[in-house]
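What follows is a single structure, written as structure tokens, with notes after it.
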Amino acid sequence: MFGLKSKSNKSAEGAGGPTDVPIYPMTINGAQVDAAEHRTIFSPSTGEPVGQAPVATLADLDSAVEAANAAQVEWSRASDETRREACQKIAGIIETNMGELSRLLTLEQGKPLKGMGSEFEVGGCMAWAGAAASFELPVKVLQDDETARIEQHRTPVGVVGSITPWNWPLMIAIWHLAPAIRAGNAVVIKPSPYTPLSTLRMIALIAEAVPPGVLNVVSGGDDIGAGISGHDGIAKVVFTGSTATGKAIMKSAAGNLKRLTLELGGNDAGIVLPDADPKAIAEGVFWGAFINNGQTCAALKRLYVHDSLYDDMCAALVEVAGQIPMGDGLDEGNLLGPVQNKAQFDKVSALVEDAKKAGGRILTGGEPKGGPGYFYPVTLIADVSDGVRIVDEEQFGPVLPIIRYSDVEDALSRANGLDFGLGASVWSQDMDAARSVAERMEAGTVYINKHGEVLPHVPFGGVKGSGVGVEFGVEGLEAYTDIKILSFAKAG
């Protein structure tokens, strides 16, 4: 199917017209499936077309869900070893195809090939698939005496609908599908319409590791996402994205009481305590905020710095920012790429302009770079505070507001003041003081002297408006199962 030309297409940014680029087909029931209509995906770095994605219909979604439910019957009965081997095979296939997947990811998402970019992301896919293979869900014996034996089993929840975002499209897809497959579930994935190509290609490759219908991917717009969240043939939805969309999914999923795992927005706060060393922590703070160009739910997005360190912290961050090259991701010298899409680029630009009007002092950056591409320079903004949009809203881009405080209790209150609670961090040389503050921060994960690290064996999720449930580790695997109790009476 690769290399077929589209007769009708729509671009990701609204411009149309046929383009001589590959079509990346959907995978449904083990077969490659095209569509009557296609969407041309353009590079956010150059504006050049990368490829075409089929625009699925709701009938295509129904076909994928039907295939998944048919495959679910046998896959749910597959042995533990079979499921383990499937995850290992997925990791191996990704490793074999790392070069192709990394390059395609850079072309459509914009992130650099090197550093903490596409190769890093594809490597993460391998790590998470391998980790899923290693997790166990043993039978728990709750009682075994002269009266009864009671066992707790974990059974597959059923067909899983996965809706993934554009910031880490491949790794988040693996975060969703690997534990689902390991637990005995079939999957239907819908990638973001901004970055569907790499996911379509990865699923076409790794679907060979499982029986037909266990792993399906359909590409399309919001109607397909809504179709997944409301579909009676889907038992669980796992979604990574905005809080607003997460709330809509919860409403739609109520129809058949779907199980949900929602990893939603984060406006992560960091607090720099008075004893911290600005120069020593500057690089860690910088990458905590600007990994993936700030386009990460758990990136550091508000930095509260004590009066006594404020100027030194600002200066240290400016120094680090000046050493980080930004540009086309295929240039291996670049460590940061563009904002992924025009809508997000425009939002970042508007938030910076609003901060300027509110008295924000631009330390570096602050103006869009000239085209082509959605390049916005690393921007550090001083002298803003709570109540300004750049502080109160999740910017999801290469901008960090630096907020002055004089009392730690006040900083803690302000850090906890928003309806977000994905990640947070404390920066200090005094581990006891850092722990005391960390224990009172309202977040699913609180880091000390680092920010944003995720690990396959450590549960990750948010509180308040940042999500429902957790991913990763055994706890994340359990979220793809139901508890089933077997209770045996014993003869008296």
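Chain labels run A, B, ... following the order of the structure tokens; each chain numbers its residues from 1, and ligands are numbered from 1 in the order shown.
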
Closest atom pairs, segment 87-149 of chain A residues within 9 Å of segment 471-481 of chain A, only C-alpha atoms, as JSON lines:
```
{"residue": "A:Trp128", "atom": "CA", "partner": "A:Phe472", "partner_atom": "CA", "distance": 8.4}
{"residue": "A:Ala131", "atom": "CA", "partner": "A:Gly473", "partner_atom": "CA", "distance": 8.2}
{"residue": "A:Ala132", "atom": "CA", "partner": "A:Leu477", "partner_atom": "CA", "distance": 7.8}
{"residue": "A:Phe135", "atom": "CA", "partner": "A:Val474", "partner_atom": "CA", "distance": 6.1}
{"residue": "A:Glu136", "atom": "CA", "partner": "A:Val474", "partner_atom": "CA", "distance": 7.2}
{"residue": "A:Leu137", "atom": "CA", "partner": "A:Glu478", "partner_atom": "CA", "distance": 7.6}
```

Let's have the selection written as a compact mmCIF listing (two decimals), in the first residue's frame, with N, CA, C and O atoms.
```
# COMPACT_ATOMS: atom_id res chain seq x y z
N TRP A 128 9.60 0.07 27.39
CA TRP A 128 8.29 -0.15 28.01
C TRP A 128 7.67 -1.47 27.56
O TRP A 128 7.04 -2.16 28.34
N ALA A 131 9.48 -4.06 29.52
CA ALA A 131 9.05 -4.06 30.92
C ALA A 131 7.70 -4.73 31.10
O ALA A 131 7.48 -5.48 32.05
N ALA A 132 6.78 -4.47 30.16
CA ALA A 132 5.45 -5.10 30.25
C ALA A 132 5.58 -6.61 30.25
O ALA A 132 4.84 -7.32 30.94
N PHE A 135 6.34 -7.99 33.88
CA PHE A 135 5.41 -7.85 35.00
C PHE A 135 4.52 -9.09 35.13
O PHE A 135 4.14 -9.72 34.15
N GLU A 136 4.17 -9.41 36.35
CA GLU A 136 3.36 -10.59 36.65
C GLU A 136 2.09 -10.19 37.38
O GLU A 136 2.06 -9.21 38.13
N LEU A 137 1.05 -10.97 37.16
CA LEU A 137 -0.21 -10.81 37.89
C LEU A 137 -0.57 -12.16 38.51
O LEU A 137 -1.48 -12.85 38.06
```

Contacts of segment 198-214 of chain A at 8 Å or less, counting only C-alpha atoms, minus same-chain residues fewer than 5 places along, as a ChimeraX atom specification?
/A:24-32,64,67-72,75,86-87,89-90,93-94,101,104-105,108,169-170,173,181,185-187,191,219

DSSP on the backbone, helix (DSSP H, G or I) only: what residues of segment 199-388 of chain A does that give? Format it as an MDAnalysis selection string.
chainID A and resid 199:209 222:230 243:256 278:294 307:321 342:357

Env of segment 340-343 of chain A: 6 Å cut, atoms = only C-alpha atoms, seq-sep filter 2 positions within chain, self excluded. Answer as a ChimeraX atom specification.
/A:44,109,338,345-346

Export all heavy atoms of the chosen residues as a CSV table (one decimal), in the first residue's frame?
```csv
chain,number,residue,atom,x,y,z
A,44,PRO,N,6.4,20.1,10.6
A,44,PRO,CA,6.4,21.4,11.3
A,44,PRO,C,7.7,22.2,11.2
A,44,PRO,O,7.7,23.3,11.6
A,44,PRO,CB,6.0,21.0,12.8
A,44,PRO,CG,6.6,19.6,12.9
A,44,PRO,CD,6.4,19.0,11.5
A,109,GLN,N,6.6,14.9,13.6
A,109,GLN,CA,6.4,15.6,14.9
A,109,GLN,C,7.4,16.8,15.1
A,109,GLN,O,7.0,17.7,15.8
A,109,GLN,CB,6.7,14.6,16.0
A,109,GLN,CG,6.0,14.9,17.3
A,109,GLN,CD,6.8,16.0,18.2
A,109,GLN,OE1,8.0,16.2,18.0
A,109,GLN,NE2,6.0,16.6,19.0
A,338,PRO,N,10.7,22.4,16.5
A,338,PRO,CA,9.6,23.4,16.5
A,338,PRO,C,8.5,23.0,17.4
A,338,PRO,O,8.5,21.9,17.9
A,338,PRO,CB,9.2,23.3,15.0
A,338,PRO,CG,9.4,21.9,14.7
A,338,PRO,CD,10.7,21.5,15.3
A,345,PHE,N,1.4,26.6,18.4
A,345,PHE,CA,2.3,27.7,18.2
A,345,PHE,C,1.6,29.1,18.5
A,345,PHE,O,2.1,29.9,19.1
A,345,PHE,CB,2.8,27.7,16.7
A,345,PHE,CG,3.7,28.8,16.3
A,345,PHE,CD1,5.1,28.7,16.6
A,345,PHE,CD2,3.2,29.9,15.7
A,345,PHE,CE1,5.9,29.8,16.2
A,345,PHE,CE2,4.0,31.0,15.3
A,345,PHE,CZ,5.4,30.9,15.6
A,346,ASP,N,0.4,29.2,18.0
A,346,ASP,CA,-0.4,30.4,18.2
A,346,ASP,C,-0.7,30.6,19.7
A,346,ASP,O,-0.7,31.7,20.2
A,346,ASP,CB,-1.7,30.4,17.4
A,346,ASP,CG,-1.4,30.5,15.9
A,346,ASP,OD1,-0.3,31.0,15.5
A,346,ASP,OD2,-2.3,30.2,15.1
```

Counting only C-alpha atoms, the option among A:Pro274, A:Gly221, A:Pro112, A:Pro456 closest to Met126 of chain A:
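Comparing A:Pro274, A:Gly221, A:Pro112, A:Pro456 against Met126 of chain A, the winner is A:Pro456.
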
Nearest candidate to Ser466 of chain A (options A:Thr445, A:Thr195, A:Thr57, A:Gln323; using only C-alpha atoms)
A:Thr445

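Among A:Val188, A:Ala315, A:Met116, A:Val458, the residue with the shortest atom-to-atom distance to Gly288 of chain A, counting only C-alpha atoms, is A:Met116.
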
Restrict the calculation to only C-alpha atoms, then for each residue of segment 288-330 of chain A with any atom at most 7 Å from an atom of segment 267-273 of chain A give the closest atom pair and their distance in Å to one decimal, rows by chain and rising residue number, as a Markdown table.
```
| residue | atom | partner | partner_atom | distance |
| --- | --- | --- | --- | --- |
| A:Ala298 | CA | A:Asp268 | CA | 6.4 |
| A:Ala299 | CA | A:Asp268 | CA | 6.4 |
| A:Leu300 | CA | A:Asp268 | CA | 5.0 |
| A:Lys301 | CA | A:Asp268 | CA | 5.2 |
| A:Arg302 | CA | A:Ala269 | CA | 4.7 |
| A:Leu303 | CA | A:Gly270 | CA | 4.8 |
| A:Tyr304 | CA | A:Ile271 | CA | 4.8 |
| A:Val305 | CA | A:Val272 | CA | 4.9 |
| A:His306 | CA | A:Leu273 | CA | 6.2 |
```

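Comparing A:Asp275, A:Lys464, A:Phe375, A:Lys258 by their smallest distance to Gly329 of chain A, the closest is A:Phe375 (using only C-alpha atoms).
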
Given the choices A:Leu107, A:Val437, A:Val470, A:Leu317, which gets closest to Leu197 of chain A if the distance is worked out from only C-alpha atoms?
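Closest to Leu197 of chain A, using only C-alpha atoms: A:Leu107.
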
Tell me which of A:Thr147, A:Ser79, A:Ser308, A:Gln395 sits closest to Thr296 of chain A, counting only C-alpha atoms.
A:Gln395

Grab the atom CA of Gly322 of chain A to atom CA of Ile291 of chain A distance for me, in Å with one decimal place.
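A separation of 15.3 Å between them.
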
All strand (DSSP E or B) positions in segment 53-224 of chain A, as a PyMOL selection string
chain A and resi 53-54+140-144+148-156+160-163+187-190+215-217

To one decimal in Å, tell me the separation between atom CA of Val55 of chain A and atom CA of Pro22 of chain A.
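For atom CA of Val55 of chain A relative to atom CA of Pro22 of chain A, the distance reads 14.4 Å.
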
Between atom CA of Ser349 of chain A and atom CA of Ser425 of chain A, measure the distance and give it in Å to one decimal.
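Between atom CA of Ser349 of chain A and atom CA of Ser425 of chain A the gap works out to 26.1 Å.
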
Can you tell me which residues surround Gly294 of chain A at a distance of at most 10 Å, considering only C-alpha atoms, apart from same-chain residues fewer than 6 positions away, and format the answer as a PyMOL selection string?
chain A and resi 167+286-288+300-301+336+339+378+395-400

Residues as selected, all heavy atoms, written as a tab-separated table (two decimals), in the first residue's frame, can you do that?
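Result file is selection_17.tsv:
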```
chain	number	residue	atom	x	y	z
A	167	ASN	N	2.45	14.71	21.10
A	167	ASN	CA	3.75	15.12	21.63
A	167	ASN	C	4.75	13.96	21.72
A	167	ASN	O	5.93	14.12	21.40
A	167	ASN	CB	3.59	15.80	22.98
A	167	ASN	CG	2.87	14.95	24.01
A	167	ASN	OD1	2.09	14.07	23.67
A	167	ASN	ND2	3.12	15.21	25.27
A	286	PHE	N	16.32	23.31	33.62
A	286	PHE	CA	16.08	23.61	32.20
A	286	PHE	C	15.46	22.42	31.48
A	286	PHE	O	14.43	22.55	30.81
A	286	PHE	CB	17.38	24.03	31.52
A	286	PHE	CG	17.19	24.37	30.07
A	286	PHE	CD1	16.87	25.65	29.68
A	286	PHE	CD2	17.31	23.39	29.08
A	286	PHE	CE1	16.67	25.96	28.33
A	286	PHE	CE2	17.10	23.69	27.74
A	286	PHE	CZ	16.79	24.98	27.37
A	287	TRP	N	16.08	21.27	31.59
A	287	TRP	CA	15.56	20.11	30.86
A	287	TRP	C	14.27	19.59	31.47
A	287	TRP	O	13.44	18.98	30.77
A	287	TRP	CB	16.62	19.02	30.75
A	287	TRP	CG	17.67	19.39	29.74
A	287	TRP	CD1	18.97	19.65	29.96
A	287	TRP	CD2	17.46	19.57	28.33
A	287	TRP	NE1	19.61	19.99	28.79
A	287	TRP	CE2	18.70	19.95	27.76
A	287	TRP	CE3	16.35	19.46	27.49
A	287	TRP	CZ2	18.86	20.20	26.40
A	287	TRP	CZ3	16.51	19.72	26.12
A	287	TRP	CH2	17.75	20.08	25.60
A	288	GLY	N	14.05	19.82	32.76
A	288	GLY	CA	12.76	19.50	33.34
A	288	GLY	C	11.64	20.29	32.70
A	288	GLY	O	10.50	19.81	32.58
A	300	LEU	N	8.10	20.75	33.69
A	300	LEU	CA	8.06	21.85	34.65
A	300	LEU	C	7.52	23.09	33.95
A	300	LEU	O	8.08	23.54	32.95
A	300	LEU	CB	9.47	22.09	35.19
A	300	LEU	CG	9.70	23.27	36.13
A	300	LEU	CD1	8.85	23.14	37.38
A	300	LEU	CD2	11.17	23.36	36.49
A	301	LYS	N	6.45	23.66	34.46
A	301	LYS	CA	5.80	24.77	33.76
A	301	LYS	C	5.64	26.03	34.60
A	301	LYS	O	5.24	27.08	34.07
A	301	LYS	CB	4.43	24.32	33.23
A	301	LYS	CG	4.53	23.17	32.24
A	301	LYS	CD	3.19	22.85	31.62
A	301	LYS	CE	3.33	21.75	30.57
A	301	LYS	NZ	3.49	20.42	31.16
A	336	LEU	N	16.63	20.97	20.14
A	336	LEU	CA	15.22	21.33	20.22
A	336	LEU	C	14.69	21.59	18.82
A	336	LEU	O	15.42	22.09	17.95
A	336	LEU	CB	15.00	22.57	21.09
A	336	LEU	CG	15.30	22.44	22.59
A	336	LEU	CD1	15.11	23.79	23.28
A	336	LEU	CD2	14.43	21.38	23.25
A	339	VAL	N	7.60	23.93	17.64
A	339	VAL	CA	6.29	23.58	18.18
A	339	VAL	C	5.60	22.73	17.12
A	339	VAL	O	5.77	22.95	15.92
A	339	VAL	CB	5.47	24.85	18.50
A	339	VAL	CG1	4.07	24.50	18.98
A	339	VAL	CG2	6.21	25.69	19.54
A	378	VAL	N	13.38	29.30	22.89
A	378	VAL	CA	13.29	29.12	24.34
A	378	VAL	C	13.07	30.48	24.98
A	378	VAL	O	13.83	31.44	24.72
A	378	VAL	CB	14.57	28.47	24.89
A	378	VAL	CG1	14.59	28.53	26.40
A	378	VAL	CG2	14.66	27.02	24.41
A	395	GLN	N	1.10	26.01	29.27
A	395	GLN	CA	1.55	26.57	28.00
A	395	GLN	C	1.92	25.51	26.98
A	395	GLN	O	1.78	25.71	25.77
A	395	GLN	CB	2.73	27.53	28.21
A	395	GLN	CG	4.01	26.91	28.74
A	395	GLN	CD	4.07	26.89	30.25
A	395	GLN	OE1	3.07	26.63	30.92
A	395	GLN	NE2	5.25	27.15	30.81
A	396	PHE	N	2.44	24.37	27.41
A	396	PHE	CA	2.77	23.25	26.53
A	396	PHE	C	3.65	23.70	25.37
A	396	PHE	O	3.38	23.43	24.20
A	396	PHE	CB	1.50	22.58	26.01
A	396	PHE	CG	1.62	21.08	25.90
A	396	PHE	CD1	1.69	20.30	27.03
A	396	PHE	CD2	1.65	20.45	24.67
A	396	PHE	CE1	1.80	18.91	26.95
A	396	PHE	CE2	1.76	19.07	24.56
A	396	PHE	CZ	1.84	18.30	25.71
A	397	GLY	N	4.71	24.38	25.70
A	397	GLY	CA	5.64	24.87	24.69
A	397	GLY	C	6.90	25.38	25.36
A	397	GLY	O	7.08	25.26	26.58
A	398	PRO	N	7.81	25.98	24.58
A	398	PRO	CA	9.14	26.35	25.08
A	398	PRO	C	9.18	27.65	25.86
A	398	PRO	O	9.95	28.56	25.54
A	398	PRO	CB	9.97	26.43	23.80
A	398	PRO	CG	8.99	26.87	22.76
A	398	PRO	CD	7.69	26.19	23.12
A	399	VAL	N	8.35	27.74	26.89
A	399	VAL	CA	8.26	28.96	27.70
A	399	VAL	C	8.20	28.56	29.18
A	399	VAL	O	7.48	27.64	29.55
A	399	VAL	CB	7.00	29.78	27.35
A	399	VAL	CG1	6.94	31.04	28.18
A	399	VAL	CG2	6.96	30.10	25.87
A	400	LEU	N	8.96	29.28	30.01
A	400	LEU	CA	8.92	29.03	31.45
A	400	LEU	C	8.81	30.34	32.21
A	400	LEU	O	9.69	31.20	32.12
A	400	LEU	CB	10.19	28.30	31.91
A	400	LEU	CG	10.27	28.00	33.42
A	400	LEU	CD1	9.19	27.00	33.82
A	400	LEU	CD2	11.66	27.48	33.79
```

Residues at most 6 Å from Thr261 of chain A, counting only C-alpha atoms, excluding those fewer than 4 positions away in the same chain, as an MDAnalysis selection string?
chainID A and resid 238 468:469

Applying 8 Å and only C-alpha atoms, which residues near Pro138 of chain A remain after dropping the ones on its own chain fewer than 2 positions away? List them as a ChimeraX atom specification.
/A:136,140,153-154

Could you list, as a PyMOL selection string, every residue within 6 Å of His38 of chain A, counting only C-alpha atoms and ignoring same-chain residues fewer than 4 positions away?
chain A and resi 9+52-55

Go ahead and write the selection's residues with N, CA, C and O atoms as a PDB file, in the first residue's frame.
```
ATOM      1  N   ASN A   9      -7.527  14.610  -0.591  1.00  0.00           N
ATOM      2  CA  ASN A   9      -6.915  14.686   0.726  1.00  0.00           C
ATOM      3  C   ASN A   9      -7.142  16.040   1.348  1.00  0.00           C
ATOM      4  O   ASN A   9      -7.472  17.006   0.683  1.00  0.00           O
ATOM      5  N   GLN A  52       0.667  10.713   3.738  1.00  0.00           N
ATOM      6  CA  GLN A  52      -0.784  10.811   3.836  1.00  0.00           C
ATOM      7  C   GLN A  52      -1.328   9.733   4.760  1.00  0.00           C
ATOM      8  O   GLN A  52      -0.873   8.591   4.727  1.00  0.00           O
ATOM      9  N   ALA A  53      -2.293  10.140   5.564  1.00  0.00           N
ATOM     10  CA  ALA A  53      -2.965   9.224   6.483  1.00  0.00           C
ATOM     11  C   ALA A  53      -4.405   9.035   6.036  1.00  0.00           C
ATOM     12  O   ALA A  53      -5.090  10.014   5.710  1.00  0.00           O
ATOM     13  N   PRO A  54      -4.897   7.801   6.024  1.00  0.00           N
ATOM     14  CA  PRO A  54      -6.302   7.585   5.726  1.00  0.00           C
ATOM     15  C   PRO A  54      -7.203   8.294   6.745  1.00  0.00           C
ATOM     16  O   PRO A  54      -6.881   8.353   7.932  1.00  0.00           O
ATOM     17  N   VAL A  55      -8.275   8.837   6.267  1.00  0.00           N
ATOM     18  CA  VAL A  55      -9.290   9.425   7.143  1.00  0.00           C
ATOM     19  C   VAL A  55     -10.375   8.373   7.340  1.00  0.00           C
ATOM     20  O   VAL A  55     -11.213   8.142   6.467  1.00  0.00           O
TER      21      VAL A  55
END
```
